[in-house]
file protein-v9.tsv (TSV, C-alpha atoms)
chain	number	residue	atom	x	y	z
Z	1	MET	CA	-3.08	33.31	81.50
Z	2	THR	CA	-2.15	30.01	83.10
Z	3	MET	CA	0.57	27.74	81.70
Z	4	LYS	CA	-2.02	25.25	80.46
Z	5	LYS	CA	-3.73	27.95	78.46
Z	6	TYR	CA	-0.42	29.01	76.86
Z	7	LEU	CA	0.31	25.45	75.85
Z	8	LEU	CA	-3.18	24.97	74.41
Z	9	PHE	CA	-2.92	28.21	72.40
Z	10	GLY	CA	0.48	27.26	70.98
Z	11	PHE	CA	-0.76	23.79	69.98
Z	12	LEU	CA	-3.78	25.23	68.17
Z	13	THR	CA	-1.60	27.77	66.33
Z	14	ILE	CA	0.77	25.07	65.08
Z	15	LEU	CA	-2.14	22.88	64.06
Z	16	SER	CA	-3.73	25.75	62.14
Z	17	LEU	CA	-0.51	26.55	60.28
Z	18	SER	CA	-0.04	22.89	59.43
Z	19	PHE	CA	-3.59	22.67	58.08
Z	20	VAL	CA	-3.08	25.73	55.87
Z	21	SER	CA	0.27	24.38	54.64
Z	22	CYS	CA	-1.16	20.96	53.77
Z	23	ASN	CA	-4.01	22.43	51.70
Z	24	LYS	CA	-1.91	24.87	49.68
Z	25	GLU	CA	-1.14	23.65	46.08
Z	26	LYS	CA	2.48	23.37	45.05
Z	27	VAL	CA	3.42	26.15	42.58
Z	28	GLU	CA	5.65	25.09	39.66
Z	29	PRO	CA	8.33	27.51	38.51
Z	30	THR	CA	7.80	29.36	35.23
Z	31	TYR	CA	10.48	29.62	32.52
Z	32	SER	CA	10.91	31.93	29.57
Z	33	VAL	CA	11.26	30.67	25.99
Z	34	THR	CA	12.94	33.01	23.52
Z	35	PHE	CA	12.73	32.59	19.75
Z	36	ASP	CA	15.94	33.66	18.02
Z	37	LEU	CA	15.28	34.26	14.32
Z	38	GLN	CA	19.00	34.59	13.59
Z	39	GLY	CA	18.57	37.90	11.79
Z	40	LYS	CA	15.73	36.94	9.46
Z	41	GLY	CA	11.94	37.13	9.46
Z	42	SER	CA	9.72	39.22	11.76
Z	43	PRO	CA	10.21	39.01	15.57
Z	44	ILE	CA	8.33	36.52	17.77
Z	45	GLU	CA	7.61	37.48	21.37
Z	46	THR	CA	9.19	35.60	24.28
Z	47	ILE	CA	6.69	33.37	26.10
Z	48	SER	CA	6.41	32.01	29.65
Z	49	VAL	CA	5.93	28.27	30.13
Z	50	GLU	CA	5.43	26.23	33.30
Z	51	ASN	CA	8.05	23.67	34.21
Z	52	GLY	CA	7.52	20.33	32.44
Z	53	SER	CA	5.11	21.71	29.85
Z	54	LEU	CA	5.10	21.47	26.05
Z	55	ILE	CA	5.45	24.58	23.92
Z	56	THR	CA	2.67	25.61	21.57
Z	57	LYS	CA	4.38	25.91	18.20
Z	58	PRO	CA	4.25	29.50	16.94
Z	59	SER	CA	3.27	30.37	13.37
Z	60	ASN	CA	6.15	29.94	10.96
Z	61	PRO	CA	8.04	33.18	10.43
Z	62	ILE	CA	8.25	34.53	6.89
Z	63	ASP	CA	11.21	36.02	5.07
Z	64	GLU	CA	11.27	37.18	1.45
Z	65	GLN	CA	14.69	35.70	0.76
Z	66	TYR	CA	14.64	32.51	2.86
Z	67	PHE	CA	12.50	29.44	3.52
Z	68	PHE	CA	11.85	28.70	7.21
Z	69	ILE	CA	12.87	25.10	8.00
Z	70	GLY	CA	12.21	24.70	11.74
Z	71	TRP	CA	13.25	25.43	15.35
Z	72	TYR	CA	16.44	24.08	16.91
Z	73	LYS	CA	17.99	23.89	20.38
Z	74	ASP	CA	21.31	25.29	19.17
Z	75	ALA	CA	22.37	28.16	16.94
Z	76	GLU	CA	24.16	25.72	14.60
Z	77	ASN	CA	20.81	23.97	13.90
Z	78	THR	CA	22.02	20.46	14.66
Z	79	ASP	CA	19.38	19.42	17.25
Z	80	ALA	CA	15.75	20.03	16.31
Z	81	TRP	CA	13.11	20.88	18.93
Z	82	ASP	CA	10.17	18.45	18.87
Z	83	PHE	CA	7.04	20.35	19.89
Z	84	ASP	CA	5.16	17.08	20.48
Z	85	VAL	CA	7.77	15.60	22.80
Z	86	ASP	CA	10.27	18.13	24.21
Z	87	LYS	CA	9.28	19.83	27.49
Z	88	VAL	CA	10.52	23.01	29.13
Z	89	THR	CA	12.66	22.51	32.26
Z	90	LYS	CA	14.64	25.77	32.26
Z	91	ASN	CA	14.90	29.12	30.54
Z	92	LEU	CA	15.81	28.44	26.93
Z	93	THR	CA	16.29	29.88	23.47
Z	94	LEU	CA	15.11	28.22	20.27
Z	95	TYR	CA	16.93	29.07	17.06
Z	96	ALA	CA	15.33	29.34	13.62
Z	97	LYS	CA	16.82	27.38	10.72
Z	98	TRP	CA	16.58	28.96	7.29
Z	99	GLU	CA	17.29	27.93	3.72
Z	100	ARG	CA	18.02	30.53	1.09
Z	101	LYS	CA	15.44	30.92	-1.65
Z	102	CYS	CA	16.78	30.54	-5.17
Z	103	ILE	CA	14.66	32.07	-7.90
Z	104	ILE	CA	14.82	30.91	-11.51
Z	105	ILE	CA	13.67	33.45	-14.08
Z	106	TYR	CA	12.64	31.90	-17.40
Z	107	ASN	CA	13.37	34.35	-20.19
Z	108	THR	CA	11.52	33.09	-23.26
Z	109	LYS	CA	13.26	35.63	-25.52
Z	110	TYR	CA	9.84	36.28	-27.02
Z	111	SER	CA	7.74	39.22	-25.91
Z	112	GLY	CA	4.40	37.48	-26.31
Z	113	ILE	CA	5.18	34.53	-24.04
Z	114	THR	CA	5.92	34.46	-20.31
Z	115	ILE	CA	6.63	31.59	-17.90
Z	116	PRO	CA	6.21	32.08	-14.12
Z	117	ASN	CA	9.38	32.23	-12.03
Z	118	ASP	CA	10.33	29.14	-10.04
Z	119	THR	CA	11.34	29.46	-6.37
Z	120	LEU	CA	13.46	26.61	-4.96
Z	121	GLY	CA	15.62	25.76	-2.00
Z	122	ASN	CA	19.38	26.16	-2.27
Z	123	GLY	CA	20.94	23.14	-3.99
Z	124	SER	CA	17.64	21.89	-5.49
Z	125	LEU	CA	17.03	20.64	-9.02
Z	126	ALA	CA	14.49	22.54	-11.08
Z	127	THR	CA	11.80	20.84	-13.16
Z	128	ARG	CA	11.83	21.90	-16.79
Z	129	PRO	CA	8.70	24.00	-17.41
Z	130	SER	CA	6.16	22.87	-19.96
Z	131	ASP	CA	6.95	24.29	-23.36
Z	132	PRO	CA	4.67	27.24	-24.15
Z	133	GLU	CA	2.79	27.34	-27.42
Z	134	ARG	CA	4.25	29.40	-30.24
Z	135	ASN	CA	2.94	28.68	-33.70
Z	136	GLY	CA	5.60	27.11	-35.89
Z	137	TYR	CA	8.28	27.10	-33.16
Z	138	LYS	CA	9.45	24.94	-30.28
Z	139	ILE	CA	11.94	25.36	-27.42
Z	140	ILE	CA	14.94	23.09	-27.99
Z	141	GLY	CA	16.76	23.98	-24.76
Z	142	TRP	CA	17.28	26.36	-21.85
Z	143	TYR	CA	20.64	28.11	-21.53
Z	144	LYS	CA	22.61	29.92	-18.84
Z	145	ASP	CA	23.59	32.71	-21.22
Z	146	GLU	CA	21.95	34.70	-23.98
Z	147	LYS	CA	24.45	33.48	-26.59
Z	148	TYR	CA	23.47	29.84	-25.97
Z	149	THR	CA	26.95	28.55	-25.14
Z	150	GLN	CA	26.06	26.76	-21.86
Z	151	GLN	CA	22.93	24.62	-21.78
Z	152	TRP	CA	21.17	24.06	-18.45
Z	153	ASP	CA	20.84	20.38	-17.55
Z	154	PHE	CA	17.65	19.96	-15.49
Z	155	LYS	CA	18.79	16.51	-14.31
Z	156	LYS	CA	22.17	17.68	-12.99
Z	157	ASP	CA	22.36	21.46	-12.54
Z	158	SER	CA	21.24	22.60	-9.09
Z	159	VAL	CA	20.35	26.16	-8.11
Z	160	THR	CA	22.88	27.85	-5.83
Z	161	GLN	CA	22.37	31.55	-6.56
Z	162	ALA	CA	19.73	33.85	-5.15
Z	163	GLN	CA	18.64	34.51	-8.74
Z	164	THR	CA	19.32	32.55	-11.93
Z	165	THR	CA	18.09	33.52	-15.38
Z	166	LEU	CA	17.65	30.85	-18.04
Z	167	TYR	CA	17.20	31.73	-21.70
Z	168	ALA	CA	15.00	29.79	-24.11
Z	169	LYS	CA	16.44	28.71	-27.44
Z	170	TRP	CA	13.79	28.42	-30.12
Z	171	ALA	CA	13.80	26.57	-33.40
Z	172	GLU	CA	11.29	26.41	-36.21
Z	173	TYR	CA	9.48	23.15	-36.69
Z	174	LYS	CA	10.92	21.19	-39.57
Z	175	TYR	CA	8.71	18.14	-39.18
Z	176	TYR	CA	4.94	17.79	-39.18
Z	177	GLY	CA	2.91	14.89	-37.83
Z	178	ALA	CA	-0.74	13.93	-37.74
Z	179	GLU	CA	-3.40	12.95	-35.22
Z	180	LEU	CA	-6.98	11.74	-35.72
Z	181	TYR	CA	-9.31	11.58	-32.72
Z	182	SER	CA	-12.98	10.74	-32.17
Z	183	ASN	CA	-15.40	13.44	-31.10
Z	184	GLU	CA	-17.16	10.85	-28.95
Z	185	THR	CA	-15.73	9.36	-25.78
Z	186	PHE	CA	-16.32	5.77	-24.67
Z	187	LYS	CA	-16.29	3.82	-21.45
Z	188	TYR	CA	-15.61	0.17	-22.33
Z	189	GLY	CA	-16.05	-1.44	-25.74
Z	190	ARG	CA	-14.22	-2.98	-28.69
Z	191	PHE	CA	-12.11	-0.73	-30.88
Z	192	GLU	CA	-10.96	-2.29	-34.14
Z	193	ALA	CA	-8.93	-0.88	-37.02
Z	194	LYS	CA	-7.50	-2.44	-40.16
Z	195	MET	CA	-4.23	-0.62	-40.74
Z	196	LYS	CA	-0.89	-0.59	-42.44
Z	197	MET	CA	1.00	1.15	-39.67
Z	198	ALA	CA	4.10	3.23	-40.27
Z	199	PHE	CA	7.59	2.10	-39.39
Z	200	ALA	CA	10.72	4.26	-39.43
Z	201	SER	CA	13.58	4.71	-36.98
Z	202	GLY	CA	12.84	7.48	-34.46
Z	203	CYS	CA	9.07	7.50	-35.09
Z	204	VAL	CA	5.89	6.30	-33.36
Z	205	SER	CA	2.79	5.08	-35.21
Z	206	SER	CA	-0.16	4.40	-32.93
Z	207	MET	CA	-3.77	3.57	-32.12
Z	208	PHE	CA	-4.88	4.35	-28.58
Z	209	LEU	CA	-7.66	5.24	-26.14
Z	210	TYR	CA	-7.10	8.40	-24.12
Z	211	TYR	CA	-8.89	10.37	-21.40
Z	212	ASN	CA	-8.86	13.88	-22.87
Z	213	ASP	CA	-7.95	15.71	-19.64
Z	214	SER	CA	-5.01	13.44	-18.76
Z	215	TRP	CA	-2.38	15.97	-19.80
Z	216	LYS	CA	-3.67	18.66	-17.42
Z	217	GLY	CA	-2.32	17.20	-14.16
Z	218	ASN	CA	-3.17	19.08	-10.95
Z	219	GLY	CA	-5.50	16.37	-9.67
Z	220	LYS	CA	-6.64	15.04	-13.05
Z	221	ILE	CA	-5.97	11.34	-13.48
Z	222	TRP	CA	-4.26	9.80	-16.51
Z	223	ASN	CA	-6.07	7.02	-18.41
Z	224	GLU	CA	-4.65	5.56	-21.65
Z	225	ILE	CA	-4.53	2.22	-23.51
Z	226	ASP	CA	-1.98	1.96	-26.35
Z	227	ILE	CA	-0.95	0.10	-29.45
Z	228	GLU	CA	2.33	1.64	-30.66
Z	229	VAL	CA	4.69	0.66	-33.46
Z	230	LEU	CA	8.13	1.91	-32.42
Z	231	GLY	CA	10.90	2.77	-34.83
Z	232	LYS	CA	13.46	0.55	-33.13
Z	233	ASP	CA	11.63	-2.76	-33.90
Z	234	GLU	CA	10.17	-3.53	-37.34
Z	235	THR	CA	8.66	-6.87	-36.38
Z	236	GLY	CA	6.05	-5.95	-33.82
Z	237	PHE	CA	4.38	-3.38	-31.60
Z	238	GLN	CA	4.16	-2.25	-27.98
Z	239	SER	CA	1.04	-2.55	-25.82
Z	240	ASN	CA	0.71	-0.30	-22.81
Z	241	ILE	CA	-1.67	0.95	-20.11
Z	242	ILE	CA	-0.93	4.31	-18.53
Z	243	THR	CA	-2.58	5.37	-15.27
Z	244	GLY	CA	-1.75	7.70	-12.38
Z	245	SER	CA	-1.34	11.39	-13.23
Z	246	ALA	CA	0.70	13.68	-15.45
Z	247	GLU	CA	3.07	14.19	-12.52
Z	248	SER	CA	3.43	10.47	-11.72
Z	249	ARG	CA	2.45	7.96	-14.40
Z	250	THR	CA	2.32	4.17	-14.05
Z	251	MET	CA	3.01	2.16	-17.23
Z	252	SER	CA	3.01	-1.51	-18.24
Z	253	GLU	CA	4.86	-1.50	-21.57
Z	254	THR	CA	5.05	-4.91	-23.30
Z	255	MET	CA	6.55	-5.76	-26.72
Z	256	HIS	CA	4.85	-8.22	-29.10
Z	257	LYS	CA	5.82	-9.89	-32.36
Z	258	THR	CA	3.61	-10.03	-35.44
Z	259	SER	CA	3.81	-12.43	-38.39
Z	260	THR	CA	4.97	-9.70	-40.77
Z	261	PRO	CA	6.26	-6.14	-40.26
Z	262	PRO	CA	3.41	-3.73	-39.44
Z	263	ASP	CA	4.19	-1.50	-42.44
Z	264	SER	CA	4.45	-4.31	-45.00
Z	265	GLU	CA	0.73	-5.14	-45.21
Z	266	TYR	CA	-2.59	-4.48	-43.50
Z	267	HIS	CA	-3.22	-6.02	-40.09
Z	268	THR	CA	-6.37	-5.90	-37.97
Z	269	TYR	CA	-5.74	-4.41	-34.53
Z	270	LEU	CA	-8.30	-4.59	-31.72
Z	271	ILE	CA	-8.42	-3.25	-28.17
Z	272	GLU	CA	-11.12	-4.79	-25.97
Z	273	TRP	CA	-11.77	-2.88	-22.74
Z	274	THR	CA	-14.23	-4.05	-20.06
Z	275	PRO	CA	-14.37	-3.55	-16.27
Z	276	GLU	CA	-12.72	-6.97	-15.93
Z	277	HIS	CA	-9.90	-6.86	-18.47
Z	278	VAL	CA	-8.08	-5.26	-21.39
Z	279	LEU	CA	-7.23	-7.38	-24.46
Z	280	TRP	CA	-4.87	-6.61	-27.34
Z	281	ILE	CA	-5.75	-8.69	-30.42
Z	282	VAL	CA	-3.93	-8.68	-33.78
Z	283	ASP	CA	-5.34	-10.56	-36.77
Z	284	GLY	CA	-7.69	-12.45	-34.45
Z	285	LYS	CA	-4.95	-13.60	-32.07
Z	286	VAL	CA	-4.90	-12.45	-28.44
Z	287	LEU	CA	-1.37	-11.17	-27.78
Z	288	ARG	CA	-1.97	-9.79	-24.30
Z	289	GLU	CA	-4.64	-9.84	-21.61
Z	290	THR	CA	-4.47	-7.72	-18.48
Z	291	LYS	CA	-7.05	-8.73	-15.90
Z	292	LEU	CA	-8.62	-6.85	-13.03
Z	293	GLY	CA	-6.27	-6.98	-10.05
Z	294	ALA	CA	-3.18	-7.68	-12.14
Z	295	ALA	CA	-0.41	-5.41	-13.42
Z	296	LYS	CA	-0.58	-3.03	-10.45
Z	297	GLU	CA	-4.40	-3.06	-10.69
Z	298	GLN	CA	-4.33	-0.73	-13.70
Z	299	VAL	CA	-7.56	-2.15	-15.12
Z	300	GLU	CA	-9.28	-1.01	-11.93
Z	301	ASP	CA	-7.79	2.47	-12.45
Z	302	LEU	CA	-9.29	2.88	-15.94
Z	303	VAL	CA	-12.34	4.82	-14.81
Z	304	GLU	CA	-12.78	7.68	-17.29
Z	305	LYS	CA	-14.41	7.85	-20.70
Z	306	GLN	CA	-11.79	7.92	-23.42
Z	307	SER	CA	-11.54	9.08	-27.02
Z	308	LEU	CA	-10.20	6.83	-29.78
Z	309	ARG	CA	-7.05	8.22	-31.36
Z	310	PHE	CA	-4.43	7.53	-34.04
Z	311	ASN	CA	-1.22	9.51	-34.43
Z	312	LEU	CA	2.17	9.64	-36.12
Z	313	TRP	CA	5.01	11.61	-34.52
Z	314	ILE	CA	8.70	11.92	-33.55
Z	315	PRO	CA	9.72	11.84	-29.85
Z	316	ASN	CA	12.42	14.23	-28.68
Z	317	THR	CA	15.60	12.27	-27.93
Z	318	ASN	CA	14.60	8.82	-26.64
Z	319	VAL	CA	16.79	6.76	-28.99
Z	320	GLY	CA	16.55	3.70	-26.73
Z	321	TRP	CA	12.76	3.69	-27.09
Z	322	VAL	CA	12.26	4.44	-30.78
Z	323	GLY	CA	15.69	4.45	-32.43
Z	324	GLU	CA	17.54	7.31	-34.08
Z	325	PHE	CA	15.42	9.55	-36.30
Z	326	LYS	CA	16.61	9.95	-39.89
Z	327	SER	CA	14.89	12.58	-42.01
Z	328	LYS	CA	15.82	10.75	-45.22
Z	329	ASN	CA	12.96	8.32	-44.46
Z	330	LEU	CA	10.35	11.05	-44.86
Z	331	PRO	CA	7.57	11.18	-45.87
Z	332	ILE	CA	6.14	8.37	-43.74
Z	333	MET	CA	2.51	7.20	-43.92
Z	334	GLN	CA	0.06	5.31	-41.70
Z	335	TYR	CA	-2.93	3.89	-43.61
Z	336	ILE	CA	-6.30	3.09	-41.98
Z	337	ASP	CA	-8.72	1.04	-44.08
Z	338	TYR	CA	-11.60	1.06	-41.59
Z	339	VAL	CA	-12.44	1.63	-37.92
Z	340	LYS	CA	-15.16	-0.25	-36.06
Z	341	VAL	CA	-16.44	0.63	-32.58
Z	342	SER	CA	-18.67	-1.66	-30.47
Z	343	ASP	CA	-20.36	-0.81	-27.16
Z	344	TYR	CA	-20.14	-3.06	-24.10
Z	345	ASN	CA	-23.15	-3.82	-21.88
Z	346	VAL	CA	-21.89	-4.16	-18.31
Z	347	GLU	CA	-24.96	-6.14	-17.19
Z	348	THR	CA	-25.20	-8.66	-20.04
Z	349	LYS	CA	-21.45	-8.63	-20.82
Z	350	GLU	CA	-22.22	-8.44	-24.53
Z	351	PHE	CA	-20.83	-6.25	-27.32
Z	352	THR	CA	-23.00	-4.43	-29.86
Z	353	GLU	CA	-21.63	-2.69	-32.93
Z	354	ARG	CA	-22.00	1.08	-32.66
Z	355	TRP	CA	-20.62	2.20	-36.03
Z	356	THR	CA	-18.07	1.41	-38.75
Z	357	ASP	CA	-16.23	4.03	-40.79
Z	358	ASP	CA	-14.82	2.86	-44.17
Z	359	PHE	CA	-13.37	6.32	-44.93
Z	360	ASP	CA	-15.02	6.81	-48.28
Z	361	SER	CA	-15.01	10.43	-47.09
Z	362	PHE	CA	-14.04	12.34	-43.97
Z	363	ASN	CA	-16.84	12.42	-41.38
Z	364	SER	CA	-16.25	15.65	-39.45
Z	365	SER	CA	-19.14	14.92	-37.06
Z	366	ARG	CA	-17.30	11.77	-35.98
Z	367	TRP	CA	-13.64	12.80	-36.19
Z	368	SER	CA	-11.38	15.77	-35.54
Z	369	LYS	CA	-7.77	16.48	-36.54
Z	370	GLY	CA	-4.96	17.50	-34.19
Z	371	ASP	CA	-3.15	20.84	-34.55
Z	372	TRP	CA	-0.76	21.00	-31.59
Z	373	GLN	CA	2.87	20.49	-30.65
Z	374	MET	CA	3.97	16.88	-30.05
Z	375	GLU	CA	7.65	16.90	-29.09
Z	376	GLN	CA	9.64	17.12	-32.38
Z	377	VAL	CA	6.62	17.61	-34.61
Z	378	MET	CA	3.75	19.99	-35.02
Z	379	GLU	CA	0.56	18.03	-35.62
Z	380	ARG	CA	-1.31	19.72	-38.43
Z	381	LYS	CA	-4.70	19.11	-39.95
Z	382	ASN	CA	-3.66	18.84	-43.59
Z	383	ASN	CA	-1.47	15.83	-42.68
Z	384	VAL	CA	-4.71	13.88	-42.08
Z	385	VAL	CA	-6.37	13.08	-45.41
Z	386	VAL	CA	-8.74	10.60	-47.04
Z	387	GLU	CA	-7.19	8.98	-50.12
Z	388	ASP	CA	-8.52	6.01	-52.14
Z	389	GLY	CA	-10.77	4.73	-49.35
Z	390	ASN	CA	-8.12	5.06	-46.64
Z	391	LEU	CA	-7.59	7.54	-43.87
Z	392	VAL	CA	-3.90	8.50	-44.20
Z	393	LEU	CA	-1.73	10.02	-41.46
Z	394	LYS	CA	1.40	11.67	-42.83
Z	395	LEU	CA	4.75	12.51	-41.26
Z	396	THR	CA	6.44	15.13	-43.44
Z	397	LYS	CA	9.20	17.70	-43.62
Z	398	GLU	CA	8.43	21.27	-44.62
call {"tool": "encode", "arguments": {"input": "protein-v9.tsv", "output": "structure tokens"}}
result
Amino acid sequence: MTMKKYLLFGFLTILSLSFVSCNKEKVEPTYSVTFDLQGKGSPIETISVENGSLITKPSNPIDEQYFFIGWYKDAENTDAWDFDVDKVTKNLTLYAKWERKCIIIYNTKYSGITIPNDTLGNGSLATRPSDPERNGYKIIGWYKDEKYTQQWDFKKDSVTQAQTTLYAKWAEYKYYGAELYSNETFKYGRFEAKMKMAFASGCVSSMFLYYNDSWKGNGKIWNEIDIEVLGKDETGFQSNIITGSAESRTMSETMHKTSTPPDSEYHTYLIEWTPEHVLWIVDGKVLRETKLGAAKEQVEDLVEKQSLRFNLWIPNTNVGWVGEFKSKNLPIMQYIDYVKVSDYNVETKEFTERWTDDFDSFNSSRWSKGDWQMEQVMERKNNVVVEDGNLVLKLTKE
């Protein structure tokens, strides 16, 4: 082979190698990512990730005694890994952060009643469970010991133990209230009652509209429109709209003065509810108007049919709201002379009387009587009676 041929062969070889080199894709290094569960939960396999890539977040590990909080770059859990931002540039280990589960066991001290356990994070405050029904009894507190020497304060006491048992302290009802409610429900209308409402420190005497499923929570909305005579103020009443839910209620409480105390003589109370407004009228005088779009748009949130109700009861311990209860004032009475209900026509914006009840007798097709627990009282049916042309609600002591 001549020299020229050798040179030509060498040039072609170099050119070929250069061509192959230029067309070969650059291969990024691959790194391993290890998930360190720090002794808890079930293992997660190590994965391989290309340089500069995000990590696909694995399913949260589960441990019977701990809550999984997240993944961190350090074993001390001070620097969290952000799966949407942080990229892999080397071999690394991610460390699980855990929070101990604290279980509260509610011992009702009564074999026929159970309350589900509550599982919380370490240092959390528990929410007092709803009081279970037990005829003639109520729970007056939860205690850390069976002898009831240390009461649990749900506003201050946090859970710090893996397991805490709280013991219910029961007491028999000493006081009995009353509630009257319509079997019908209404959406909009005028609701009028001539009443001598009750007044006594620590008590509530009321007329109100109420969506019957409000108390249930868990997605059910709360709708309520109130007239309430409160035991702390003998010269007026409170108007209120309640919306939201049982878990988070919005209120617009407003106090009003009347010409004479509500228990000294009969007054005519009227709630007018339309899609545009709610009015509270006493003896023909408008004392409050809440319009659509005002007061946190509560008028707009009144969307459910409501029953018409009257009740007489004792709140638990809210002295600032109703004053201090004194049993020497019992019995206490709320007298209703008549109730008138008028329908509202949304198209014509006119009211038409639906019915009037003068309470010459008790109309069981129109009304029902409450028989449930209401804070310090047990509402019972025989505390709702018709006497001398009045419907009488009674607050009594056994």
call {"tool": "atom_distance", "arguments": {"input": "protein-v9.tsv", "atom1": "CA of Lys305 in chain Z", "atom2": "CA of Glu289 in chain Z"}}
result
20.2 Å
call {"tool": "atom_distance", "arguments": {"input": "protein-v9.tsv", "atom1": "CA of Cys102 in chain Z", "atom2": "CA of Trp215 in chain Z"}}
result
28.2 Å
call {"tool": "closest_atom_pairs", "arguments": {"input": "protein-v9.tsv", "of": "range 220-294 of chain Z", "to": "range 191-199 of chain Z", "cutoff": "12 Å", "atoms": "all atoms listed in the file", "output": "tab-separated table"}}
result
residue	atom	partner	partner_atom	distance
Z:Ile225	CA	Z:Phe191	CA	11.0
Z:Asp226	CA	Z:Phe191	CA	11.4
Z:Ile227	CA	Z:Met197	CA	10.5
Z:Glu228	CA	Z:Met197	CA	9.1
Z:Val229	CA	Z:Phe199	CA	6.8
Z:Leu230	CA	Z:Phe199	CA	7.0
Z:Gly231	CA	Z:Phe199	CA	5.7
Z:Lys232	CA	Z:Phe199	CA	8.7
Z:Asp233	CA	Z:Phe199	CA	8.4
Z:Glu234	CA	Z:Phe199	CA	6.5
Z:Thr235	CA	Z:Phe199	CA	9.5
Z:Gly236	CA	Z:Phe199	CA	9.9
Z:Phe237	CA	Z:Met197	CA	9.9
Z:Thr260	CA	Z:Lys196	CA	11.0
Z:Pro261	CA	Z:Phe199	CA	8.4
Z:Pro262	CA	Z:Met197	CA	5.4
Z:Asp263	CA	Z:Met197	CA	5.0
Z:Ser264	CA	Z:Lys196	CA	7.0
Z:Glu265	CA	Z:Lys196	CA	5.6
Z:Tyr266	CA	Z:Lys196	CA	4.4
Z:His267	CA	Z:Met195	CA	5.5
Z:Thr268	CA	Z:Lys194	CA	4.2
Z:Tyr269	CA	Z:Ala193	CA	5.4
Z:Leu270	CA	Z:Glu192	CA	4.3
Z:Ile271	CA	Z:Phe191	CA	5.2
Z:Glu272	CA	Z:Phe191	CA	6.4
Z:Trp273	CA	Z:Phe191	CA	8.4
Z:Thr274	CA	Z:Phe191	CA	11.5
Z:Val278	CA	Z:Phe191	CA	11.3
Z:Leu279	CA	Z:Phe191	CA	10.5
Z:Trp280	CA	Z:Phe191	CA	10.0
Z:Ile281	CA	Z:Glu192	CA	9.1
Z:Val282	CA	Z:Glu192	CA	9.5
Z:Asp283	CA	Z:Lys194	CA	9.1
Z:Gly284	CA	Z:Glu192	CA	10.7
call {"tool": "closest_residue", "arguments": {"input": "protein-v9.tsv", "among": "Z:Arg354, Z:Arg100, Z:Lys57, Z:Arg288", "to": "Trp81 in chain Z", "atoms": "only C-alpha atoms"}}
result
Z:Lys57
call {"tool": "residues_around", "arguments": {"input": "protein-v9.tsv", "residues": "Leu312 in chain Z", "least_positions_apart": "4", "cutoff": "8 Å", "atoms": "only C-alpha atoms", "output": "VMD selection string"}}
result
chain Z and resid 177 to 179 198 203 to 206 334 393 to 395
call {"tool": "write_last_selection", "arguments": {"input": "protein-v9.tsv", "atoms": "C-alpha atoms", "output": "compact mmCIF listing (two decimals), in the frame of the given file"}}
result
# COMPACT_ATOMS: atom_id res chain seq x y z
CA GLY Z 177 2.91 14.89 -37.83
CA ALA Z 178 -0.74 13.93 -37.74
CA GLU Z 179 -3.40 12.95 -35.22
CA ALA Z 198 4.10 3.23 -40.27
CA CYS Z 203 9.07 7.50 -35.09
CA VAL Z 204 5.89 6.30 -33.36
CA SER Z 205 2.79 5.08 -35.21
CA SER Z 206 -0.16 4.40 -32.93
CA GLN Z 334 0.06 5.31 -41.70
CA LEU Z 393 -1.73 10.02 -41.46
CA LYS Z 394 1.40 11.67 -42.83
CA LEU Z 395 4.75 12.51 -41.26
call {"tool": "closest_atom_pairs", "arguments": {"input": "protein-v9.tsv", "of": "range 243-338 of chain Z", "to": "range 361-380 of chain Z", "cutoff": "6 Å", "atoms": "all atoms listed in the file", "output": "tab-separated table"}}
result
residue	atom	partner	partner_atom	distance
Z:Ile314	CA	Z:Gln376	CA	5.4
Z:Pro315	CA	Z:Glu375	CA	5.5
Z:Asn316	CA	Z:Gln376	CA	5.5
